[in-house]
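Data from final_8.cif: mmCIF, C-alpha atoms and all ligand atoms
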data_entry
loop_
_atom_site.label_atom_id
_atom_site.label_comp_id
_atom_site.auth_asym_id
_atom_site.auth_seq_id
_atom_site.Cartn_x
_atom_site.Cartn_y
_atom_site.Cartn_z
CA MET A 1 113.88 80.15 149.53
CA LYS A 2 110.36 78.73 149.51
CA THR A 3 108.96 82.26 149.78
CA LEU A 4 111.11 83.39 146.84
CA SER A 5 109.94 80.47 144.65
CA PHE A 6 106.35 81.28 145.57
CA ILE A 7 106.82 84.95 144.62
CA ILE A 8 108.44 84.01 141.30
CA PHE A 9 105.66 81.48 140.61
CA SER A 10 103.00 84.09 141.43
CA ILE A 11 104.59 86.67 139.10
CA ILE A 12 104.72 84.15 136.22
CA ALA A 13 101.19 82.91 136.91
CA THR A 14 99.83 86.45 137.07
CA SER A 15 101.52 87.44 133.83
CA MET A 16 100.00 84.42 132.08
CA CYS A 17 96.45 84.86 133.41
CA ALA A 18 93.77 85.85 130.95
CA MET A 19 93.30 89.60 131.03
CA GLY A 20 90.07 91.54 130.97
CA SER A 21 91.24 95.15 130.87
CA PHE A 22 93.75 97.48 129.21
CA THR A 23 96.55 99.13 131.19
CA PRO A 24 97.96 101.76 128.79
CA GLY A 25 101.72 102.18 128.81
CA GLU A 26 102.42 99.07 130.91
CA LYS A 27 104.18 95.92 129.72
CA TRP A 28 101.69 93.78 127.78
CA ALA A 29 102.30 90.03 127.75
CA ASP A 30 101.04 87.71 125.03
CA THR A 31 99.43 84.38 125.92
CA ASP A 32 102.94 82.88 126.29
CA GLY A 33 103.89 85.55 128.83
CA ARG A 34 106.21 87.54 126.52
CA HIS A 35 105.92 91.31 125.96
CA ILE A 36 104.09 91.83 122.67
CA ASN A 37 106.56 92.71 119.90
CA ALA A 38 104.29 94.38 117.32
CA HIS A 39 105.23 98.06 117.23
CA GLY A 40 103.85 100.71 114.87
CA GLY A 41 101.05 98.22 114.42
CA GLY A 42 97.70 97.91 112.76
CA ILE A 43 94.80 95.53 113.23
CA MET A 44 92.68 93.65 110.71
CA TYR A 45 89.41 91.98 111.70
CA HIS A 46 88.72 88.88 109.65
CA ASN A 47 86.16 86.08 110.15
CA GLY A 48 85.62 86.74 113.85
CA THR A 49 89.29 87.22 114.80
CA TYR A 50 91.44 90.31 115.24
CA TYR A 51 94.95 90.13 113.77
CA TRP A 52 97.55 92.58 115.07
CA TYR A 53 100.53 93.17 112.76
CA GLY A 54 103.57 95.15 113.85
CA GLU A 55 107.28 95.78 113.70
CA TYR A 56 109.13 92.80 115.19
CA LYS A 57 112.09 94.57 116.74
CA GLY A 58 115.43 92.92 117.43
CA ASP A 59 116.46 92.93 121.08
CA TYR A 60 119.47 95.21 120.70
CA THR A 61 119.10 98.98 120.10
CA TYR A 62 121.96 100.99 118.60
CA ARG A 63 122.61 104.38 116.99
CA SER A 64 122.72 104.08 113.21
CA PRO A 65 126.40 104.53 112.27
CA GLY A 66 127.32 107.75 110.50
CA VAL A 67 123.88 109.33 110.91
CA GLY A 68 123.87 112.76 112.55
CA TRP A 69 120.38 112.86 114.01
CA GLU A 70 119.19 110.61 116.85
CA CYS A 71 118.65 107.61 114.61
CA TYR A 72 118.12 104.76 117.07
CA ARG A 73 117.61 101.40 115.41
CA ALA A 74 116.95 97.78 116.22
CA GLU A 75 117.29 95.00 113.65
CA ALA A 76 114.21 94.66 111.47
CA GLY A 77 112.85 91.23 112.36
CA GLY A 78 110.03 91.42 109.82
CA VAL A 79 106.36 91.78 110.64
CA SER A 80 104.84 89.86 113.53
CA CYS A 81 101.24 88.71 113.79
CA TYR A 82 99.19 88.16 116.94
CA SER A 83 95.57 87.01 117.07
CA SER A 84 92.78 87.68 119.55
CA LYS A 85 89.03 87.30 119.93
CA ASP A 86 88.63 89.73 122.85
CA LEU A 87 91.38 92.36 122.24
CA TYR A 88 92.91 91.81 125.69
CA ASN A 89 94.60 88.44 125.18
CA TRP A 90 96.88 88.03 122.17
CA LYS A 91 98.41 84.82 120.83
CA PHE A 92 101.68 85.06 118.93
CA GLU A 93 101.05 83.62 115.44
CA GLY A 94 104.66 84.00 114.35
CA ILE A 95 106.39 86.23 111.82
CA ALA A 96 103.92 86.94 109.03
CA LEU A 97 106.55 88.60 106.83
CA SER A 98 110.01 87.17 107.46
CA PRO A 99 113.11 89.30 106.94
CA ASP A 100 115.49 88.25 104.16
CA THR A 101 118.60 87.40 106.15
CA VAL A 102 120.55 86.23 103.08
CA ASN A 103 120.39 89.00 100.48
CA THR A 104 122.09 92.08 101.95
CA HIS A 105 120.54 94.21 99.17
CA SER A 106 116.99 93.17 100.01
CA ASP A 107 114.51 95.79 101.23
CA ILE A 108 113.66 93.48 104.09
CA HIS A 109 117.20 92.59 105.21
CA PRO A 110 117.50 93.06 109.01
CA THR A 111 119.75 96.10 108.49
CA MET A 112 116.85 97.89 106.76
CA VAL A 113 113.85 99.65 108.27
CA ILE A 114 110.45 97.88 108.14
CA GLU A 115 107.91 100.07 109.90
CA ARG A 116 104.18 100.65 110.41
CA PRO A 117 102.87 97.51 108.61
CA LYS A 118 99.14 97.48 107.87
CA VAL A 119 97.12 94.63 106.31
CA ILE A 120 93.83 94.66 104.42
CA TYR A 121 91.88 91.86 102.73
CA ASN A 122 91.00 92.06 99.06
CA GLU A 123 87.60 90.40 98.52
CA THR A 124 88.09 90.19 94.75
CA THR A 125 91.51 88.52 94.66
CA GLY A 126 91.09 86.67 97.98
CA LYS A 127 94.56 87.94 99.01
CA PHE A 128 95.76 89.70 102.14
CA VAL A 129 97.80 92.76 101.22
CA MET A 130 100.38 94.32 103.52
CA TRP A 131 101.79 97.84 103.08
CA MET A 132 104.71 99.10 105.15
CA HIS A 133 107.31 101.84 105.32
CA ILE A 134 110.61 100.57 103.86
CA ASP A 135 113.78 102.49 104.49
CA ASN A 136 117.52 102.11 104.80
CA HIS A 137 119.77 102.78 107.80
CA ASP A 138 119.52 106.59 107.46
CA TYR A 139 115.90 106.78 106.25
CA GLY A 140 117.02 108.06 102.85
CA LYS A 141 115.24 105.40 100.78
CA ALA A 142 111.82 106.69 101.93
CA SER A 143 109.64 104.13 100.16
CA ALA A 144 106.49 102.08 100.60
CA GLY A 145 106.76 98.30 100.49
CA VAL A 146 104.03 95.84 99.58
CA ALA A 147 103.63 92.14 100.33
CA VAL A 148 100.87 89.62 99.71
CA GLY A 149 99.62 86.51 101.49
CA ASP A 150 96.92 83.83 101.28
CA SER A 151 96.22 83.65 105.00
CA PRO A 152 95.94 86.36 107.66
CA THR A 153 98.83 84.85 109.60
CA GLY A 154 101.00 84.60 106.49
CA PRO A 155 103.46 83.74 105.21
CA PHE A 156 103.42 86.99 103.25
CA THR A 157 105.57 87.24 100.13
CA TYR A 158 107.38 90.52 99.67
CA ILE A 159 106.77 92.06 96.23
CA GLU A 160 108.62 95.38 96.01
CA SER A 161 109.11 98.86 97.39
CA VAL A 162 107.99 101.90 95.46
CA ARG A 163 107.89 105.62 95.68
CA PRO A 164 104.13 105.92 95.26
CA ASN A 165 103.29 108.04 92.22
CA GLY A 166 106.99 108.95 92.13
CA GLN A 167 106.71 110.58 95.58
CA ILE A 168 108.74 109.77 98.66
CA ALA A 169 106.93 107.91 101.46
CA ARG A 170 107.77 107.40 105.11
CA ASP A 171 105.16 106.94 107.89
CA LEU A 172 102.12 105.39 106.29
CA THR A 173 98.87 103.57 106.75
CA VAL A 174 96.23 102.00 104.51
CA TYR A 175 92.47 102.27 104.67
CA LYS A 176 89.85 100.05 103.06
CA ASP A 177 86.57 101.87 102.67
CA ASP A 178 83.07 100.37 102.81
CA ASP A 179 82.88 100.28 99.00
CA GLY A 180 86.02 98.09 98.81
CA LYS A 181 88.25 100.90 97.52
CA ALA A 182 91.53 101.17 99.41
CA TYR A 183 93.90 104.10 99.97
CA LEU A 184 97.53 104.65 100.94
CA ILE A 185 98.13 107.59 103.28
CA TYR A 186 101.80 108.53 103.60
CA SER A 187 104.06 111.33 104.81
CA SER A 188 105.75 112.72 101.73
CA GLU A 189 107.65 115.72 100.37
CA GLY A 190 110.35 115.42 103.07
CA ASN A 191 107.59 114.61 105.63
CA ALA A 192 106.16 118.11 105.07
CA THR A 193 102.91 117.01 103.39
CA MET A 194 100.70 113.96 103.75
CA GLN A 195 99.62 112.49 100.45
CA ILE A 196 96.64 110.21 99.92
CA SER A 197 96.44 107.96 96.90
CA GLN A 198 93.87 105.36 95.94
CA LEU A 199 95.18 101.83 95.39
CA THR A 200 94.48 99.78 92.28
CA ALA A 201 91.68 97.17 92.44
CA ASP A 202 94.18 94.49 93.57
CA TYR A 203 95.58 96.90 96.24
CA LEU A 204 99.13 96.28 94.99
CA LYS A 205 99.88 99.67 93.41
CA THR A 206 98.80 103.29 93.65
CA VAL A 207 96.61 104.61 90.85
CA GLY A 208 98.90 107.45 89.76
CA THR A 209 97.13 110.41 91.33
CA TYR A 210 97.15 111.75 94.87
CA THR A 211 95.93 114.60 97.02
CA ARG A 212 98.16 116.78 99.19
CA ASN A 213 97.02 117.22 102.78
CA PHE A 214 98.35 119.24 105.72
CA ALA A 215 100.71 120.89 103.24
CA ASP A 216 103.97 122.00 104.89
CA LYS A 217 102.59 121.07 108.34
CA PHE A 218 105.01 118.14 108.90
CA ARG A 219 102.45 115.62 110.13
CA GLU A 220 103.25 111.92 110.36
CA ALA A 221 102.11 108.69 112.08
CA PRO A 222 98.68 108.80 110.38
CA ALA A 223 95.80 106.81 111.90
CA ILE A 224 92.54 107.04 109.98
CA PHE A 225 88.98 105.97 110.65
CA LYS A 226 85.44 106.67 109.45
CA ARG A 227 82.48 107.53 111.61
CA GLY A 228 79.06 108.78 110.60
CA GLY A 229 80.20 109.30 107.00
CA LYS A 230 83.16 111.50 108.03
CA TYR A 231 86.85 110.58 107.86
CA TYR A 232 89.18 111.37 110.74
CA ILE A 233 92.97 111.36 110.68
CA VAL A 234 94.94 111.48 113.93
CA SER A 235 98.62 112.30 113.40
CA SER A 236 101.76 113.40 115.21
CA GLY A 237 104.37 116.06 114.58
CA CYS A 238 107.80 115.06 113.27
CA THR A 239 110.20 114.56 116.19
CA GLY A 240 111.47 111.04 115.56
CA TRP A 241 110.99 108.66 118.50
CA SER A 242 110.38 111.60 120.88
CA PRO A 243 106.78 112.51 121.70
CA ASN A 244 104.98 115.65 120.58
CA GLU A 245 101.41 116.93 120.38
CA ALA A 246 98.82 114.92 118.44
CA GLU A 247 96.24 116.54 116.22
CA TYR A 248 93.10 115.29 114.56
CA ALA A 249 91.48 116.44 111.35
CA VAL A 250 88.18 115.70 109.69
CA ALA A 251 86.93 115.48 106.09
CA ASP A 252 83.81 114.53 104.16
CA CYS A 253 85.83 112.67 101.56
CA ILE A 254 88.71 110.30 102.29
CA THR A 255 91.06 112.12 99.93
CA GLY A 256 90.33 115.44 101.66
CA PRO A 257 90.31 118.34 102.05
CA TYR A 258 90.89 117.81 105.79
CA THR A 259 90.17 120.45 108.40
CA ALA A 260 92.57 120.30 111.34
CA ILE A 261 90.70 120.56 114.66
CA ASN A 262 92.94 120.17 117.72
CA ASN A 263 94.80 117.82 120.03
CA PRO A 264 92.23 115.20 121.12
CA CYS A 265 94.29 114.02 124.12
CA ARG A 266 93.07 114.98 127.61
CA GLY A 267 94.74 114.58 130.99
CA LYS A 268 98.31 114.50 132.29
CA ASP A 269 100.92 114.80 129.52
CA ALA A 270 98.20 115.30 126.88
CA ASP A 271 100.49 117.85 125.19
CA LYS A 272 102.99 114.99 124.67
CA THR A 273 100.32 112.48 123.58
CA PHE A 274 100.88 110.71 126.94
CA TYR A 275 104.44 110.04 125.66
CA GLY A 276 102.92 108.10 122.75
CA GLN A 277 102.56 108.43 118.99
CA SER A 278 99.53 107.47 116.89
CA THR A 279 99.59 104.29 114.84
CA PHE A 280 96.01 103.03 114.27
CA VAL A 281 92.37 103.49 115.17
CA LEU A 282 90.52 100.23 115.71
CA PRO A 283 86.75 100.03 115.24
CA VAL A 284 85.56 97.48 117.82
CA GLN A 285 83.32 94.90 116.16
CA GLY A 286 79.77 94.47 117.41
CA VAL A 287 79.90 97.40 119.84
CA GLU A 288 78.28 100.43 118.30
CA ASP A 289 80.35 103.58 117.90
CA THR A 290 83.37 102.19 119.76
CA PHE A 291 86.86 102.99 118.53
CA ILE A 292 90.21 102.37 120.21
CA MET A 293 93.00 104.88 119.68
CA MET A 294 96.30 103.01 119.46
CA PHE A 295 99.55 104.80 120.25
CA ASP A 296 103.12 103.52 120.51
CA LYS A 297 105.03 104.63 123.58
CA TRP A 298 108.53 104.45 122.13
CA ASN A 299 111.55 103.66 124.25
CA LYS A 300 114.18 104.94 121.84
CA VAL A 301 117.16 103.46 123.73
CA ASP A 302 115.51 100.04 124.08
CA LEU A 303 113.09 99.91 121.18
CA ILE A 304 111.85 96.36 121.77
CA ASP A 305 110.65 97.50 125.20
CA SER A 306 108.42 100.18 123.68
CA ARG A 307 104.89 99.99 125.10
CA TYR A 308 101.38 100.36 123.77
CA ILE A 309 98.82 102.94 124.80
CA TRP A 310 95.31 101.95 123.84
CA LEU A 311 92.54 104.33 124.89
CA PRO A 312 88.87 104.64 124.00
CA ILE A 313 87.83 107.55 121.80
CA LYS A 314 84.99 109.68 123.17
CA PHE A 315 82.65 111.60 120.87
CA GLU A 316 80.56 114.69 121.38
CA GLY A 317 78.81 115.27 118.11
CA ASP A 318 81.56 115.24 115.49
CA GLU A 319 84.23 116.18 118.04
CA LEU A 320 86.52 113.59 119.49
CA THR A 321 88.65 113.38 122.59
CA VAL A 322 91.00 110.75 123.97
CA PRO A 323 91.03 111.07 127.76
CA TRP A 324 93.79 109.27 129.70
CA GLN A 325 92.82 106.27 131.81
CA ASP A 326 95.16 104.12 133.93
CA GLN A 327 93.01 101.07 133.33
CA TRP A 328 89.82 100.46 131.41
CA SER A 329 87.64 97.80 129.80
CA LEU A 330 85.35 97.73 126.81
C1 LIG B 401 109.20 108.65 113.71
C2 LIG B 401 108.26 107.69 113.03
C3 LIG B 401 108.58 106.30 113.49
C4 LIG B 401 110.05 106.02 113.21
C5 LIG B 401 110.92 107.07 113.87
C6 LIG B 401 112.40 106.90 113.57
O1 LIG B 401 109.04 109.94 113.27
O2 LIG B 401 106.93 108.02 113.31
O3 LIG B 401 107.73 105.38 112.84
O4 LIG B 401 110.27 106.07 111.82
O5 LIG B 401 110.54 108.35 113.43
O6 LIG B 401 113.15 107.92 114.16
#
As structure tokens, please, write out the structure in this file.
Amino acid sequence: MKTLSFIIFSIIATSMCAMGSFTPGEKWADTDGRHINAHGGGIMYHNGTYYWYGEYKGDYTYRSPGVGWECYRAEAGGVSCYSSKDLYNWKFEGIALSPDTVNTHSDIHPTMVIERPKVIYNETTGKFVMWMHIDNHDYGKASAGVAVGDSPTGPFTYIESVRPNGQIARDLTVYKDDDGKAYLIYSSEGNATMQISQLTADYLKTVGTYTRNFADKFREAPAIFKRGGKYYIVSSGCTGWSPNEAEYAVADCITGPYTAINNPCRGKDADKTFYGQSTFVLPVQGVEDTFIMMFDKWNKVDLIDSRYIWLPIKFEGDELTVPWQDQWSL
């Protein structure tokens, strides 16, 4: 009995110890010892702290009723926020955007889909702006939602969902460029084409024009970053929660045209993106030329238990690769 208590104590103590490395694809505990619940996430660096926003998934996964394709769902618990100074240890800051549990017609009711939230700070308005994919139980609504907050940890106030420039939107991300202009990048046209539209100065709307990228190539899960004046987009194919081959593309201008290069993943299961799907590329602050490729490793039958695969991006000239590593540190 004593031995058992000691083993249990050791497991708990180990899981709560400060971490100093990444173990891609393994369970990742927050500073309270709970698996991080921030899927399809994105990270904002603000005043010396990293904030990780993600889908806060309910603990029960089910097939969406009446939907023919493999539409696994968990209740939309809003958007969670975790903070960290070192990128290894994350403190749960609570739900930055709470679901509306009262109004069954709300975009952010738990029966809806709230995915891939990304937050950027607007220097002019002093507001934090969150964009996310908003959908209904069969993904037919295909819209982009926007919320605004006064603090990085929220609370964020939901404003509305739109079809940007009258176009459908599913997987999306936002990017704030060095000149303060921000852009919405979203899978559109039935997921066949990725559109990129600049946001208005307050980041709350799209400007009314867009470019069409990867036309008819069915790319989604966009993760964008800038290096040496060039823009890179890593994306996935369209196979729902199931993995497929990643691809990266490069452009001189954020709105394109993008030239598709190849699958940057290297190592075992590289052709399946290590069983992951792109969500964000994080520029590490204060370490020159260091970017972390963030993938979600979805567990479609137990979505809350989906894992995170964070790997360093390697560069050779303008070419990038993402080699697998079981464990690594910055
Ligand atoms: C994927 C998408 C995910 C989620 C999933 C639902 O294609 O990248 O964010 O929407 O489909 O099946």
Within 9 Å of (87.9, 117.9, 118.6) (coordinates as in the file), grab all the protein and nucleic acid residues, counting all atoms listed in the file, and write them out as a compact mmCIF listing (two decimals) with C-alpha atoms, keeping the file's coordinate frame.
# COMPACT_ATOMS: atom_id res chain seq x y z
CA GLU A 247 96.24 116.54 116.22
CA TYR A 248 93.10 115.29 114.56
CA ALA A 249 91.48 116.44 111.35
CA ALA A 260 92.57 120.30 111.34
CA ILE A 261 90.70 120.56 114.66
CA ASN A 262 92.94 120.17 117.72
CA ASN A 263 94.80 117.82 120.03
CA PRO A 264 92.23 115.20 121.12
CA PHE A 315 82.65 111.60 120.87
CA GLU A 316 80.56 114.69 121.38
CA ASP A 318 81.56 115.24 115.49
CA GLU A 319 84.23 116.18 118.04
CA LEU A 320 86.52 113.59 119.49
CA THR A 321 88.65 113.38 122.59
Kindly work out which residues sit at most 10 Å from ligand LIG 401 (chain B), using all atoms listed in the file, and give the list as an MDAnalysis selection string.
-> chainID A and resid 39:41 55 69:73 113:116 133:135 138:139 170:172 187 191 219:222 235:243 277:279 296 298 300
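The space between CA of Ala169 (chain A) and CA of Tyr258 (chain A) spans 19.3 Å.
Distances from A:Arg227, A:Pro323, A:Ile254, A:Gly208 to Asp289 (chain A) were compared using only C-alpha atoms, and the smallest one belongs to A:Arg227.
The list of residues with at least one atom within 12 Å of Tyr60 (chain A), based on only C-alpha atoms and without residues fewer than 5 positions apart in the same chain, reads Tyr72, Arg73, Ala74, Glu75, Ala76, Gly77, Lys300, Val301, Asp302, Leu303, Ile304 and Asp305 of chain A.
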Long-range neighbours of region 22-28 of chain A as a ChimeraX atom specification, 6 Å cut-off, all atoms listed in the file, 2 positions minimum in chain | /A:35-36,307-310,326-328
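Take CA of Gly94 (chain A) and CA of Val162 (chain A): the distance between them is 26.2 Å.
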Please provide as a PyMOL selection string all residues within 8 Å of Tyr231 (chain A), with the sequence filter that same-chain residues fewer than 5 positions apart are discarded (counting only C-alpha atoms).
-> chain A and resi 224-226+250-254
Once N, CA and C atoms are restored for region 213-243 of chain A, what would the output be as a tab-separated table (two decimals), in the frame of the given file?
chain	number	residue	atom	x	y	z
A	213	ASN	N	97.74	116.82	101.57
A	213	ASN	CA	97.02	117.22	102.78
A	213	ASN	C	97.99	117.73	103.83
A	214	PHE	N	97.51	118.63	104.67
A	214	PHE	CA	98.35	119.24	105.72
A	214	PHE	C	99.65	119.77	105.10
A	215	ALA	N	99.52	120.45	103.98
A	215	ALA	CA	100.71	120.89	103.24
A	215	ALA	C	101.64	121.71	104.13
A	216	ASP	N	102.90	121.33	104.13
A	216	ASP	CA	103.97	122.00	104.89
A	216	ASP	C	103.72	122.03	106.40
A	217	LYS	N	102.89	121.12	106.89
A	217	LYS	CA	102.59	121.07	108.34
A	217	LYS	C	103.42	120.00	109.06
A	218	PHE	N	104.15	119.19	108.31
A	218	PHE	CA	105.01	118.14	108.90
A	218	PHE	C	104.23	117.24	109.85
A	219	ARG	N	103.21	116.59	109.34
A	219	ARG	CA	102.45	115.62	110.13
A	219	ARG	C	102.86	114.21	109.72
A	220	GLU	N	102.94	113.32	110.68
A	220	GLU	CA	103.25	111.92	110.36
A	220	GLU	C	102.47	111.00	111.29
A	221	ALA	N	102.79	109.69	111.26
A	221	ALA	CA	102.11	108.69	112.08
A	221	ALA	C	100.59	108.71	111.87
A	222	PRO	N	100.12	108.67	110.62
A	222	PRO	CA	98.68	108.80	110.38
A	222	PRO	C	97.89	107.58	110.85
A	223	ALA	N	96.75	107.86	111.51
A	223	ALA	CA	95.80	106.81	111.90
A	223	ALA	C	94.44	107.31	111.45
A	224	ILE	N	93.77	106.54	110.61
A	224	ILE	CA	92.54	107.04	109.98
A	224	ILE	C	91.36	106.16	110.35
A	225	PHE	N	90.20	106.77	110.49
A	225	PHE	CA	88.98	105.97	110.65
A	225	PHE	C	87.79	106.77	110.12
A	226	LYS	N	86.66	106.05	110.00
A	226	LYS	CA	85.44	106.67	109.45
A	226	LYS	C	84.33	106.51	110.47
A	227	ARG	N	83.59	107.58	110.67
A	227	ARG	CA	82.48	107.53	111.61
A	227	ARG	C	81.39	108.47	111.12
A	228	GLY	N	80.18	107.94	111.03
A	228	GLY	CA	79.06	108.78	110.60
A	228	GLY	C	79.33	109.46	109.26
A	229	GLY	N	79.96	108.77	108.34
A	229	GLY	CA	80.20	109.30	107.00
A	229	GLY	C	81.36	110.29	106.92
A	230	LYS	N	82.00	110.59	108.05
A	230	LYS	CA	83.16	111.50	108.03
A	230	LYS	C	84.44	110.71	108.27
A	231	TYR	N	85.54	111.23	107.71
A	231	TYR	CA	86.85	110.58	107.86
A	231	TYR	C	87.68	111.40	108.83
A	232	TYR	N	88.34	110.71	109.74
A	232	TYR	CA	89.18	111.37	110.74
A	232	TYR	C	90.61	110.86	110.59
A	233	ILE	N	91.56	111.76	110.64
A	233	ILE	CA	92.97	111.36	110.68
A	233	ILE	C	93.59	111.94	111.96
A	234	VAL	N	94.15	111.05	112.78
A	234	VAL	CA	94.94	111.48	113.93
A	234	VAL	C	96.40	111.35	113.51
A	235	SER	N	97.21	112.36	113.82
A	235	SER	CA	98.62	112.30	113.40
A	235	SER	C	99.49	112.92	114.48
A	236	SER	N	100.80	112.79	114.28
A	236	SER	CA	101.76	113.40	115.21
A	236	SER	C	102.58	114.44	114.45
A	237	GLY	N	103.36	115.22	115.20
A	237	GLY	CA	104.37	116.06	114.58
A	237	GLY	C	105.59	115.20	114.26
A	238	CYS	N	106.61	115.81	113.72
A	238	CYS	CA	107.80	115.06	113.27
A	238	CYS	C	108.97	115.27	114.23
A	239	THR	N	109.05	114.45	115.27
A	239	THR	CA	110.20	114.56	116.19
A	239	THR	C	110.81	113.19	116.45
A	240	GLY	N	110.85	112.36	115.42
A	240	GLY	CA	111.47	111.04	115.56
A	240	GLY	C	110.78	110.20	116.61
A	241	TRP	N	111.56	109.53	117.47
A	241	TRP	CA	110.99	108.66	118.50
A	241	TRP	C	110.47	109.49	119.68
A	242	SER	N	110.77	110.79	119.72
A	242	SER	CA	110.38	111.60	120.88
A	242	SER	C	108.95	112.10	120.72
A	243	PRO	N	108.20	112.17	121.82
A	243	PRO	CA	106.78	112.51	121.70
A	243	PRO	C	106.54	113.99	121.42
